[in-house]
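Okay, work-v8.cif now, which holds mmCIF, C-alpha atoms:
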data_model
loop_
_atom_site.label_atom_id
_atom_site.label_comp_id
_atom_site.auth_asym_id
_atom_site.auth_seq_id
_atom_site.Cartn_x
_atom_site.Cartn_y
_atom_site.Cartn_z
CA MET A 1 22.59 14.96 134.09
CA GLN A 2 23.49 15.96 130.57
CA VAL A 3 27.21 15.54 129.90
CA ILE A 4 28.96 17.55 127.20
CA LYS A 5 32.53 16.50 126.44
CA ASN A 6 35.21 18.17 124.40
CA LEU A 7 38.10 15.93 123.43
CA LYS A 8 40.20 18.82 122.13
CA VAL A 9 40.80 20.14 125.64
CA LYS A 10 39.84 16.92 127.45
CA GLU A 11 37.17 18.70 129.46
CA GLU A 12 33.55 17.87 130.23
CA THR A 13 30.59 19.77 131.58
CA TYR A 14 27.67 18.33 133.53
CA ILE A 15 24.41 20.24 133.18
CA GLU A 16 21.21 19.72 135.15
CA LYS A 17 18.03 21.79 135.08
CA LEU A 18 16.36 21.25 138.45
CA GLU A 19 12.62 20.97 138.97
CA ASN A 20 12.61 24.42 140.57
CA GLY A 21 13.98 25.89 137.32
CA LEU A 22 17.60 26.49 138.34
CA THR A 23 20.24 25.37 135.85
CA VAL A 24 23.40 23.97 137.45
CA MET A 25 26.61 23.57 135.47
CA LEU A 26 29.40 21.46 137.02
CA ILE A 27 32.87 21.40 135.48
CA PRO A 28 35.30 18.95 137.13
CA LYS A 29 38.95 19.97 137.00
CA LYS A 30 41.00 17.25 138.68
CA ASP A 31 44.01 17.98 140.85
CA THR A 32 43.30 21.71 141.13
CA LEU A 33 43.65 23.36 144.52
CA LYS A 34 41.00 26.02 143.93
CA LYS A 35 37.26 25.69 143.55
CA TYR A 36 35.32 28.47 141.89
CA VAL A 37 31.60 29.14 142.22
CA ILE A 38 29.67 31.74 140.27
CA TRP A 39 25.91 32.25 140.50
CA GLY A 40 24.44 34.51 137.86
CA THR A 41 21.08 35.84 136.83
CA ASN A 42 20.09 37.00 133.37
CA PHE A 43 19.50 40.57 134.54
CA GLY A 44 21.78 43.40 133.52
CA SER A 45 21.82 47.14 133.08
CA MET A 46 19.95 46.92 129.76
CA ASP A 47 16.87 45.36 131.35
CA ASN A 48 14.98 48.49 132.39
CA HIS A 49 11.74 47.89 130.46
CA PHE A 50 9.92 44.57 130.54
CA LYS A 51 6.68 42.77 131.15
CA VAL A 52 5.76 39.55 132.88
CA LYS A 53 3.95 37.48 130.27
CA GLN A 54 1.43 36.13 132.77
CA ASP A 55 -0.08 39.56 133.44
CA GLN A 56 1.16 41.55 130.38
CA GLN A 57 1.73 44.70 132.45
CA GLU A 58 4.66 46.73 131.16
CA ILE A 59 7.14 47.70 133.86
CA TYR A 60 9.75 50.45 133.74
CA ILE A 61 12.53 50.58 136.32
CA PRO A 62 15.16 53.30 136.78
CA ASP A 63 18.56 52.95 135.16
CA GLY A 64 21.08 51.30 137.47
CA VAL A 65 18.75 48.91 139.32
CA ALA A 66 20.67 45.73 138.42
CA HIS A 67 23.89 47.23 139.76
CA PHE A 68 22.11 48.60 142.85
CA LEU A 69 20.70 45.15 143.58
CA GLU A 70 24.16 43.63 143.29
CA HIS A 71 25.39 45.98 146.02
CA LYS A 72 22.43 45.43 148.32
CA LEU A 73 22.29 41.64 148.29
CA PHE A 74 25.37 41.41 150.53
CA GLU A 75 23.58 43.18 153.40
CA GLN A 76 21.75 40.74 155.69
CA GLU A 77 18.90 41.17 158.15
CA ASN A 78 21.11 40.13 161.09
CA GLY A 79 23.35 43.12 160.46
CA THR A 80 26.20 41.26 158.77
CA ASN A 81 27.65 41.86 155.35
CA SER A 82 28.15 38.63 153.41
CA LEU A 83 31.21 39.96 151.63
CA ASP A 84 32.86 40.46 155.02
CA VAL A 85 31.75 36.99 156.14
CA LEU A 86 33.27 35.40 153.05
CA SER A 87 36.49 37.35 153.45
CA GLY A 88 36.63 36.15 157.05
CA LEU A 89 36.50 32.58 155.77
CA GLY A 90 39.63 33.25 153.72
CA VAL A 91 37.94 33.05 150.32
CA ASP A 92 38.21 35.56 147.49
CA ALA A 93 34.64 36.78 146.92
CA ASN A 94 33.15 39.40 144.64
CA ALA A 95 30.20 40.33 142.42
CA TYR A 96 29.72 42.26 139.19
CA THR A 97 27.05 43.62 136.88
CA THR A 98 27.27 43.70 133.09
CA HIS A 99 24.88 44.84 130.38
CA ASP A 100 23.12 41.45 130.31
CA HIS A 101 23.77 39.64 133.61
CA THR A 102 24.69 39.97 137.27
CA ALA A 103 26.94 37.46 139.04
CA TYR A 104 28.06 36.57 142.58
CA LEU A 105 31.18 34.50 143.03
CA PHE A 106 33.97 33.20 145.20
CA GLU A 107 37.19 31.25 144.80
CA ALA A 108 38.36 29.01 147.64
CA THR A 109 41.15 26.65 148.61
CA SER A 110 39.62 25.96 152.05
CA ASN A 111 36.29 26.47 153.87
CA PHE A 112 34.56 25.77 150.57
CA TYR A 113 31.24 24.50 151.93
CA GLU A 114 31.02 27.23 154.57
CA ALA A 115 31.50 29.76 151.77
CA LEU A 116 28.91 27.99 149.61
CA ASP A 117 26.47 28.22 152.54
CA GLU A 118 26.99 31.97 152.73
CA LEU A 119 26.80 32.60 148.98
CA MET A 120 23.63 30.60 148.48
CA ASN A 121 22.07 32.12 151.57
CA TYR A 122 22.57 35.79 150.73
CA VAL A 123 21.60 35.45 147.06
CA GLN A 124 18.31 33.82 148.10
CA ASN A 125 17.46 36.19 150.96
CA PRO A 126 17.31 39.86 150.00
CA TYR A 127 16.87 42.40 152.78
CA PHE A 128 15.89 45.90 151.74
CA THR A 129 14.67 48.70 154.00
CA ASP A 130 14.02 52.39 153.40
CA GLU A 131 17.06 53.19 155.51
CA ASN A 132 19.59 50.83 153.92
CA VAL A 133 18.46 51.77 150.40
CA GLU A 134 18.93 55.47 151.10
CA LYS A 135 22.36 54.83 152.58
CA GLU A 136 23.40 52.87 149.49
CA LYS A 137 22.44 55.75 147.20
CA GLY A 138 25.24 57.80 148.70
CA ILE A 139 27.77 54.99 148.20
CA ILE A 140 26.75 54.32 144.59
CA GLY A 141 26.57 58.05 143.92
CA GLN A 142 30.25 58.28 144.85
CA GLU A 143 30.99 55.39 142.49
CA ILE A 144 29.12 57.12 139.65
CA ASN A 145 31.09 60.32 140.24
CA MET A 146 34.33 58.33 140.26
CA TYR A 147 33.55 56.81 136.86
CA GLU A 148 32.63 60.22 135.47
CA ASP A 149 36.22 61.21 136.25
CA ASP A 150 37.66 58.01 134.73
CA PRO A 151 38.94 58.73 131.19
CA GLU A 152 38.91 55.06 130.12
CA TRP A 153 35.27 54.64 131.14
CA GLN A 154 34.28 57.91 129.51
CA VAL A 155 35.97 57.08 126.21
CA TYR A 156 34.07 53.76 126.22
CA MET A 157 30.68 55.26 127.09
CA ASN A 158 31.07 57.99 124.49
CA ALA A 159 31.73 55.29 121.89
CA MET A 160 28.48 53.57 122.91
CA LYS A 161 26.58 56.86 122.62
CA LEU A 162 28.08 57.49 119.19
CA MET A 163 26.92 54.06 117.98
CA TYR A 164 23.54 53.52 119.63
CA HIS A 165 20.45 55.72 119.38
CA VAL A 166 18.06 53.99 121.81
CA ASN A 167 19.66 50.69 122.79
CA PRO A 168 20.20 50.87 126.59
CA ILE A 169 23.82 49.75 126.21
CA ASN A 170 24.47 53.48 125.84
CA ILE A 171 23.45 53.95 129.49
CA ASP A 172 26.01 53.68 132.29
CA ILE A 173 25.74 50.34 134.12
CA ALA A 174 25.48 52.14 137.48
CA GLY A 175 22.86 54.57 136.18
CA SER A 176 23.04 58.26 137.05
CA ILE A 177 22.64 60.28 140.24
CA GLU A 178 19.16 61.20 139.02
CA SER A 179 18.09 57.65 138.11
CA ILE A 180 19.24 56.01 141.35
CA SER A 181 17.36 58.69 143.33
CA LYS A 182 14.16 57.00 142.07
CA ILE A 183 15.12 53.56 143.43
CA ASP A 184 13.37 52.39 146.59
CA LYS A 185 12.91 49.06 148.34
CA ASP A 186 9.74 48.29 146.35
CA VAL A 187 11.59 48.72 143.04
CA LEU A 188 14.35 46.43 144.31
CA TYR A 189 11.98 43.71 145.52
CA LYS A 190 9.96 43.87 142.28
CA SER A 191 13.13 43.53 140.21
CA TYR A 192 14.50 40.78 142.43
CA ASN A 193 11.27 38.76 142.36
CA ASN A 194 11.05 38.94 138.58
CA PHE A 195 14.69 38.48 137.57
CA TYR A 196 16.16 36.46 140.44
CA ASP A 197 13.69 33.70 139.82
CA LEU A 198 15.55 30.37 139.80
CA SER A 199 14.43 29.71 136.23
CA ASN A 200 16.36 32.82 135.15
CA MET A 201 19.60 31.81 136.89
CA LEU A 202 22.67 29.65 136.35
CA LEU A 203 25.03 28.32 139.01
CA VAL A 204 28.47 27.12 137.89
CA VAL A 205 30.99 25.19 140.01
CA CYS A 206 34.46 24.43 138.66
CA GLY A 207 37.27 22.60 140.42
CA ASP A 208 38.23 19.20 141.81
CA ILE A 209 34.65 18.05 142.35
CA ASN A 210 32.47 14.99 141.94
CA PRO A 211 29.54 16.28 139.82
CA GLU A 212 26.89 14.01 141.37
CA GLU A 213 27.93 14.84 144.92
CA MET A 214 28.21 18.56 144.18
CA LEU A 215 24.75 18.63 142.63
CA GLU A 216 23.31 17.21 145.86
CA GLU A 217 25.19 19.83 147.90
CA VAL A 218 23.69 22.57 145.74
CA LYS A 219 20.18 21.14 146.05
CA LYS A 220 20.44 21.04 149.85
CA ARG A 221 21.16 24.77 149.93
CA ILE A 222 18.26 25.93 147.75
CA THR A 223 15.64 27.43 150.02
CA LYS A 224 13.72 29.84 147.82
CA THR A 225 10.78 28.85 145.69
CA THR A 226 10.23 29.74 142.07
CA ASN A 227 7.28 31.35 140.33
CA GLN A 228 8.63 30.37 136.88
CA LYS A 229 7.14 33.55 135.42
CA GLU A 230 8.45 34.38 131.98
CA VAL A 231 9.85 37.90 131.69
CA GLU A 232 9.81 39.53 128.27
CA ARG A 233 12.39 42.28 127.84
CA ILE A 234 11.24 45.23 125.75
CA TYR A 235 13.68 47.22 123.61
CA ASP A 236 12.96 50.03 121.21
CA ALA A 237 13.97 49.28 117.62
CA GLU A 238 17.58 50.34 117.09
CA PRO A 239 18.42 51.95 113.71
CA GLU A 240 21.26 50.34 111.77
CA GLU A 241 23.09 53.62 111.25
CA ILE A 242 25.32 55.26 113.86
CA VAL A 243 24.38 58.43 115.78
CA GLU A 244 27.45 60.43 114.76
CA PRO A 245 30.99 59.49 113.72
CA GLN A 246 33.25 61.19 116.26
CA LYS A 247 33.47 62.89 119.63
CA THR A 248 36.49 64.33 121.44
CA VAL A 249 36.51 65.47 125.07
CA THR A 250 39.28 66.81 127.30
CA MET A 251 40.26 65.27 130.63
CA GLU A 252 43.34 64.83 132.78
CA VAL A 253 45.34 62.30 130.71
CA SER A 254 49.06 62.09 130.04
CA MET A 255 48.44 60.66 126.56
CA PRO A 256 45.28 60.73 124.44
CA ILE A 257 43.17 57.58 124.57
CA PHE A 258 40.70 56.35 121.96
CA ALA A 259 37.92 53.86 121.30
CA ILE A 260 37.12 52.99 117.70
CA GLY A 261 33.87 51.13 117.14
CA PHE A 262 32.13 49.43 114.23
CA LYS A 263 28.42 49.01 114.79
CA ASP A 264 27.16 45.56 113.88
CA LYS A 265 23.69 44.12 114.13
CA PRO A 266 22.87 41.14 116.32
CA GLY A 267 21.03 38.51 114.40
CA LYS A 268 20.62 34.90 113.57
CA ASP A 269 24.20 34.50 112.38
CA ASN A 270 26.39 31.87 113.95
CA MET A 271 27.75 34.34 116.51
CA VAL A 272 30.49 31.98 117.69
CA LYS A 273 31.90 31.57 114.21
CA LYS A 274 31.51 35.29 113.56
CA ASN A 275 33.27 36.17 116.82
CA ILE A 276 36.24 33.97 115.93
CA ALA A 277 36.46 35.57 112.48
CA ILE A 278 36.35 39.09 113.90
CA GLN A 279 39.03 38.30 116.47
CA ILE A 280 41.29 37.03 113.69
CA LEU A 281 40.58 40.12 111.57
CA LEU A 282 41.37 42.43 114.48
CA TYR A 283 44.74 40.80 115.02
CA MET A 284 45.46 40.99 111.30
CA LEU A 285 44.61 44.70 111.32
CA LEU A 286 46.20 45.84 114.59
CA GLY A 287 47.88 42.89 116.29
CA LYS A 288 51.58 43.18 117.09
CA SER A 289 52.56 41.21 113.97
CA SER A 290 50.41 43.31 111.63
CA GLU A 291 51.81 45.75 109.11
CA GLY A 292 49.53 48.50 110.42
CA TYR A 293 50.65 48.17 114.02
CA GLN A 294 54.34 47.94 113.06
CA ASN A 295 54.11 51.17 111.07
CA LEU A 296 52.37 53.00 113.91
CA TYR A 297 54.83 51.66 116.47
CA ASN A 298 57.95 52.43 114.44
CA ASN A 299 56.75 56.00 113.86
CA GLY A 300 56.13 56.43 117.59
CA ASP A 301 52.41 56.98 117.08
CA ILE A 302 51.44 54.10 119.38
CA ILE A 303 53.31 52.44 122.25
CA SER A 304 51.39 49.18 122.75
CA GLN A 305 48.84 46.97 121.05
CA PRO A 306 45.30 48.28 121.55
CA LEU A 307 42.63 46.14 123.17
CA LEU A 308 40.81 44.30 120.39
CA ASP A 309 37.30 43.05 121.11
CA TYR A 310 33.95 42.07 119.70
CA GLU A 311 31.18 42.74 122.21
CA PHE A 312 27.82 41.12 121.56
CA SER A 313 24.68 39.80 123.15
CA LYS A 314 21.24 38.89 121.85
CA HIS A 315 20.44 42.60 121.56
CA HIS A 316 23.61 44.42 120.48
CA ALA A 317 26.89 43.82 118.66
CA HIS A 318 29.94 45.93 117.87
CA VAL A 319 33.67 45.80 117.30
CA LEU A 320 35.74 47.86 119.73
CA ILE A 321 39.40 48.86 119.44
CA SER A 322 40.74 50.91 122.34
CA GLY A 323 44.06 52.13 123.63
CA GLY A 324 46.42 55.08 123.90
CA ALA A 325 48.19 56.96 121.10
CA LYS A 326 50.06 60.21 120.65
CA ASN A 327 47.77 60.97 117.75
CA PRO A 328 44.65 58.78 117.68
CA GLN A 329 43.70 60.18 114.30
CA LYS A 330 46.71 58.42 112.75
CA VAL A 331 45.42 55.13 114.14
CA VAL A 332 42.02 55.87 112.57
CA GLU A 333 43.51 56.70 109.18
CA MET A 334 45.79 53.65 109.21
CA LEU A 335 42.81 51.44 110.07
CA LYS A 336 40.71 52.87 107.22
CA THR A 337 43.60 52.40 104.80
CA GLN A 338 44.26 48.82 105.89
CA ILE A 339 40.59 47.85 105.74
CA GLY A 340 40.33 49.31 102.25
CA LYS A 341 43.47 47.48 101.17
CA TYR A 342 42.21 44.14 102.50
CA LYS A 343 38.83 44.60 100.85
CA THR A 344 40.44 45.42 97.51
CA SER A 345 43.42 43.07 97.43
CA GLY A 346 42.25 40.28 99.73
CA LEU A 347 43.78 38.83 102.89
CA ASN A 348 47.15 37.17 103.16
CA LYS A 349 46.60 33.43 103.66
CA GLU A 350 49.83 32.85 105.57
CA HIS A 351 49.07 35.70 107.98
CA PHE A 352 45.52 34.37 108.39
CA GLU A 353 46.71 30.86 109.26
CA ARG A 354 49.25 32.19 111.76
CA ILE A 355 46.73 34.39 113.57
CA LYS A 356 44.13 31.63 113.49
CA LYS A 357 46.51 29.33 115.38
CA LYS A 358 47.19 32.11 117.88
CA ILE A 359 43.46 32.57 118.53
CA TYR A 360 43.01 28.82 119.02
CA GLY A 361 45.86 28.80 121.53
CA GLU A 362 44.17 31.61 123.47
CA TYR A 363 40.90 29.65 123.61
CA VAL A 364 42.66 26.52 124.84
CA SER A 365 44.61 28.46 127.49
CA GLN A 366 41.33 29.60 129.05
CA TYR A 367 40.89 26.04 130.32
CA ASN A 368 43.98 26.28 132.54
CA ASP A 369 42.23 28.33 135.21
CA VAL A 370 39.03 27.49 137.12
CA SER A 371 37.95 31.13 137.34
CA ASN A 372 38.33 31.68 133.59
CA ILE A 373 36.39 28.50 132.87
CA ALA A 374 33.47 29.28 135.17
CA ARG A 375 33.09 32.91 134.15
CA MET A 376 33.38 32.03 130.46
CA PHE A 377 30.66 29.35 130.66
CA LEU A 378 28.33 31.64 132.61
CA SER A 379 28.75 34.61 130.26
CA ASP A 380 28.35 32.46 127.15
CA TYR A 381 25.29 30.69 128.60
CA PHE A 382 23.38 33.96 128.83
CA LYS A 383 24.24 34.58 125.17
CA GLY A 384 22.77 31.18 124.27
CA ILE A 385 26.20 29.64 123.68
CA ASN A 386 28.06 26.64 125.07
CA SER A 387 31.70 27.67 125.47
CA PHE A 388 32.91 24.43 123.86
CA ASP A 389 31.33 25.74 120.63
CA TYR A 390 34.35 27.99 120.07
CA LEU A 391 36.66 25.01 119.84
CA GLU A 392 34.26 23.20 117.53
CA GLU A 393 33.69 26.17 115.18
CA TYR A 394 37.37 27.03 114.89
CA ASN A 395 37.99 24.84 111.83
CA ASN A 396 34.91 26.23 110.07
CA VAL A 397 36.42 29.71 109.83
CA THR A 398 37.91 29.92 106.35
CA LEU A 399 39.70 32.72 104.55
CA GLU A 400 36.65 33.17 102.32
CA TYR A 401 34.38 33.53 105.34
CA LEU A 402 36.81 36.02 106.88
CA GLU A 403 36.67 38.20 103.78
CA GLN A 404 32.86 38.09 103.87
CA VAL A 405 32.82 39.25 107.51
CA LEU A 406 35.35 41.97 106.73
CA LYS A 407 33.04 43.45 104.09
CA GLU A 408 29.91 43.16 106.22
CA VAL A 409 31.15 44.30 109.63
CA PHE A 410 34.06 46.66 108.99
CA ASP A 411 31.90 49.25 107.26
CA ILE A 412 33.48 52.73 107.39
CA ASN A 413 29.98 54.25 107.37
CA LYS A 414 29.28 52.52 110.67
CA MET A 415 32.60 53.45 112.25
CA VAL A 416 32.78 55.74 115.31
CA VAL A 417 35.76 57.36 117.01
CA SER A 418 35.74 58.43 120.66
CA ILE A 419 38.80 60.34 121.91
CA VAL A 420 39.86 61.71 125.27
CA LYS A 421 42.75 64.13 125.02
CA GLY A 422 44.66 66.09 127.65
CA VAL A 423 43.52 69.47 128.92
#
Rewrite the structure of this file - the entire thing - as structure tokens.
Amino acid sequence: MQVIKNLKVKEETYIEKLENGLTVMLIPKKDTLKKYVIWGTNFGSMDNHFKVKQDQQEIYIPDGVAHFLEHKLFEQENGTNSLDVLSGLGVDANAYTTHDHTAYLFEATSNFYEALDELMNYVQNPYFTDENVEKEKGIIGQEINMYEDDPEWQVYMNAMKLMYHVNPINIDIAGSIESISKIDKDVLYKSYNNFYDLSNMLLVVCGDINPEEMLEEVKKRITKTTNQKEVERIYDAEPEEIVEPQKTVTMEVSMPIFAIGFKDKPGKDNMVKKNIAIQILLYMLLGKSSEGYQNLYNNGDIISQPLLDYEFSKHHAHVLISGGAKNPQKVVEMLKTQIGKYKTSGLNKEHFERIKKKIYGEYVSQYNDVSNIARMFLSDYFKGINSFDYLEEYNNVTLEYLEQVLKEVFDINKMVVSIVKGV
């Protein structure tokens, strides 16, 4: 097994790519009571157009298939639901779908191997019928309707639609009522067979484990075979410019909410270093210690620090600032003013160093919890990143580099504003 160590947090990761194509990542965390397992596949809501390189046939699938598959995998041929089985074992189990991957997980303090049996069994043994697929459409349809009535989800999706012309990140992860109506068992099996191939998957175990012994336990539970077919995802070329700068809708909210985005372009940059720089910049612009936030807070324009994030994958990248404000437009204007000021006058070195230390502390704190560790390593893996890279790149982020990123990424011409205000 390959062993990657990081002396800064005194952690190590054992990685093994099995002959069947599955990558296994084992992260020992001594003297912890919980063990956390997450099994993910590099298949998310964006993957609706692809071809298998061996036959070159282009395949289109309806929007929402990855999420639909996530729901259906729990249902077993013997009539049981694996989520219920896992809950009966006393473990905390769940699953989720993102834009670029789907994951199945559980956290356990007891009955660990019984839970591992169940997890590895249901992920490897899909059971789809005409009847159970039709039944699921009604359940997911209710979920779609629920999110259509969720102001926070709508303000986010509108921001994506303002930024992206054709990139499928502007499509709801669950799809639409119309798109899921086109899903049948054949679509699900085709998607499963192509994207749930072991060579497209990663299994992470974190907790008080012996890596060699755990690897053998994983191997014993692999029953499916692999075709090792290489899937090529197909995306239409996304223009650099935004679609339009602003959209406001009305919904039942007690206070207006907003999402401010800056469209970036994914590329061959060091995305880890860039991510760190953007996180520092966001805190300098709108963190609780920033001049901008203090002015907004003291004037009563904002009541808490917005969520500050940089979302990226191999196929999309954007800054996102979201929260609630009495007048979101004042947040927008303050942000424009502060960005212009920083670009003209430069960044304050003392403020930069203080925020940089804060960011480092947040990275280190992630290693205190087995669930944070496992989910972080899985998500980063599908971006082509080892999570330890953040700790290693930290010292390479200089004030000069920060100012370069500020000019390149925080471009007012690529800024969008999504607002949901009260009726």
Write out, as a tab-separated table, each residue of region 199-233 of chain A that has an atom at most 9 Å from region 120-141 of chain A, together with the closest pair of atoms and their distance in Å to one decimal, counting all atoms listed in the file, rows going by chain and rising number.
residue	atom	partner	partner_atom	distance
A:Val218	CA	A:Met120	CA	8.5
A:Arg221	CA	A:Met120	CA	6.5
A:Ile222	CA	A:Met120	CA	7.2
A:Thr223	CA	A:Gln124	CA	7.2
A:Lys224	CA	A:Gln124	CA	6.1
May I have the residues within 8 Å of Ser199 (chain A) as a PyMOL selection string, using all atoms listed in the file and disregarding those fewer than 3 positions away in the same chain? chain A and resi 20-23+226+228
Expected file: the selected residues, C-alpha atoms, as a compact mmCIF listing (two decimals), in the frame of the given file:
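Result file is result_20.txt:
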# COMPACT_ATOMS: atom_id res chain seq x y z
CA ASN A 20 12.61 24.42 140.57
CA GLY A 21 13.98 25.89 137.32
CA LEU A 22 17.60 26.49 138.34
CA THR A 23 20.24 25.37 135.85
CA THR A 226 10.23 29.74 142.07
CA GLN A 228 8.63 30.37 136.88
If you count all atoms listed in the file, the residue of A:Ser181, A:Thr32, A:Asn275, A:Thr337 closest to Val409 (chain A) turns out to be A:Asn275
So that I can check the surroundings of region 102-114 of chain A, please list as a ChimeraX atom specification every protein, DNA and RNA residue that reaches within 8 Å of it, counting only C-alpha atoms and ignoring chain neighbours fewer than 3 positions away. /A:33-44,66-67,70,89-98,117-119,123,371
Once the PyMOL selection byres ((chain A and resi 319-321) around 10) is applied to the coordinates I shared, what remains selected? I want it as a PyMOL selection string. chain A and resi 156+159-160+258-264+275+278-279+282+286+305-312+317-318+322-323+409-410+415-417
Let me see the file: selected residues, C-alpha atoms, as a PDB file, keeping the file's coordinate frame.
ATOM      1  CA  TYR A 156      34.070  53.760 126.220  1.00  0.00           C
ATOM      2  CA  ALA A 159      31.730  55.290 121.890  1.00  0.00           C
ATOM      3  CA  MET A 160      28.480  53.570 122.910  1.00  0.00           C
ATOM      4  CA  PHE A 258      40.700  56.350 121.960  1.00  0.00           C
ATOM      5  CA  ALA A 259      37.920  53.860 121.300  1.00  0.00           C
ATOM      6  CA  ILE A 260      37.120  52.990 117.700  1.00  0.00           C
ATOM      7  CA  GLY A 261      33.870  51.130 117.140  1.00  0.00           C
ATOM      8  CA  PHE A 262      32.130  49.430 114.230  1.00  0.00           C
ATOM      9  CA  LYS A 263      28.420  49.010 114.790  1.00  0.00           C
ATOM     10  CA  ASP A 264      27.160  45.560 113.880  1.00  0.00           C
ATOM     11  CA  ASN A 275      33.270  36.170 116.820  1.00  0.00           C
ATOM     12  CA  ILE A 278      36.350  39.090 113.900  1.00  0.00           C
ATOM     13  CA  GLN A 279      39.030  38.300 116.470  1.00  0.00           C
ATOM     14  CA  LEU A 282      41.370  42.430 114.480  1.00  0.00           C
ATOM     15  CA  LEU A 286      46.200  45.840 114.590  1.00  0.00           C
ATOM     16  CA  GLN A 305      48.840  46.970 121.050  1.00  0.00           C
ATOM     17  CA  PRO A 306      45.300  48.280 121.550  1.00  0.00           C
ATOM     18  CA  LEU A 307      42.630  46.140 123.170  1.00  0.00           C
ATOM     19  CA  LEU A 308      40.810  44.300 120.390  1.00  0.00           C
ATOM     20  CA  ASP A 309      37.300  43.050 121.110  1.00  0.00           C
ATOM     21  CA  TYR A 310      33.950  42.070 119.700  1.00  0.00           C
ATOM     22  CA  GLU A 311      31.180  42.740 122.210  1.00  0.00           C
ATOM     23  CA  PHE A 312      27.820  41.120 121.560  1.00  0.00           C
ATOM     24  CA  ALA A 317      26.890  43.820 118.660  1.00  0.00           C
ATOM     25  CA  HIS A 318      29.940  45.930 117.870  1.00  0.00           C
ATOM     26  CA  SER A 322      40.740  50.910 122.340  1.00  0.00           C
ATOM     27  CA  GLY A 323      44.060  52.130 123.630  1.00  0.00           C
ATOM     28  CA  VAL A 409      31.150  44.300 109.630  1.00  0.00           C
ATOM     29  CA  PHE A 410      34.060  46.660 108.990  1.00  0.00           C
ATOM     30  CA  MET A 415      32.600  53.450 112.250  1.00  0.00           C
ATOM     31  CA  VAL A 416      32.780  55.740 115.310  1.00  0.00           C
ATOM     32  CA  VAL A 417      35.760  57.360 117.010  1.00  0.00           C
TER      33      VAL A 417
END
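Residues matched by the PyMOL selection byres ((chain A and resi 335) around 10) in this file are Ile260, Leu285, Leu286, Gly292, Tyr293, Gln329, Lys330, Val331, Val332, Glu333, Met334, Lys336, Thr337, Gln338, Ile339, Gly340, Lys341 and Ile412 of chain A.
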What lies within 12 Å of Leu402 (chain A) using all atoms listed in the file, ignoring chain neighbours under 6 positions off, as a VMD selection string? chain A and resid 273 to 282 284 342 to 343 346 to 349 352 to 353 356 396 408 to 410
Selection dump of the PyMOL selection byres ((chain A and resi 189-194) around 9), as a ChimeraX atom specification: /A:52,61,65-66,69,126-128,184-188,195-197,200,227,229-231
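When CA of Arg233 (chain A) is paired with CA of Lys51 (chain A), their separation reads 6.6 Å.
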Which of these, A:Glu16, A:Glu241, A:Glu178, A:Glu392, has the shortest distance to Val204 (chain A) once you count all atoms listed in the file? A:Glu16
Point-to-point distance from CA of Ser365 (chain A) to CA of Leu203 (chain A), Å rounded to tenths: 22.7 Å
For Pro62 (chain A), the nearest of the candidates A:Val3, A:Val85, A:Ile180, A:Met163, counting all atoms listed in the file: A:Ile180
Using all atoms listed in the file, find the one residue out of A:Lys72, A:His351, A:Lys421, A:His165 that sits nearest to Val249 (chain A). A:Lys421
Would you place a box with edges along x, y and z of the file around all atoms of region 75-85 of chain A listed there, add 6 Å to each of its six sides, and report the centre and edge lengths in Å to one decimal, as JSON?
{"center_x": 25.9, "center_y": 40.1, "center_z": 156.4, "size_x": 26.0, "size_y": 18.2, "size_z": 21.5}
Selected residue of minimal separation from Lys5 (chain A) among A:Ile385, A:Val272, A:Met255, A:Leu391, counting all atoms listed in the file: A:Leu391
Report the distance between CA of Gln56 (chain A) and CA of Glu240 (chain A) in Å, rounded to one decimal place. 28.8 Å
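Of the residues under consideration (A:Leu116, A:Leu406, A:Ile173, A:Ile419), A:Leu116 shows the shortest atom-to-atom contact distance to Glu217 (chain A) when counting all atoms listed in the file.
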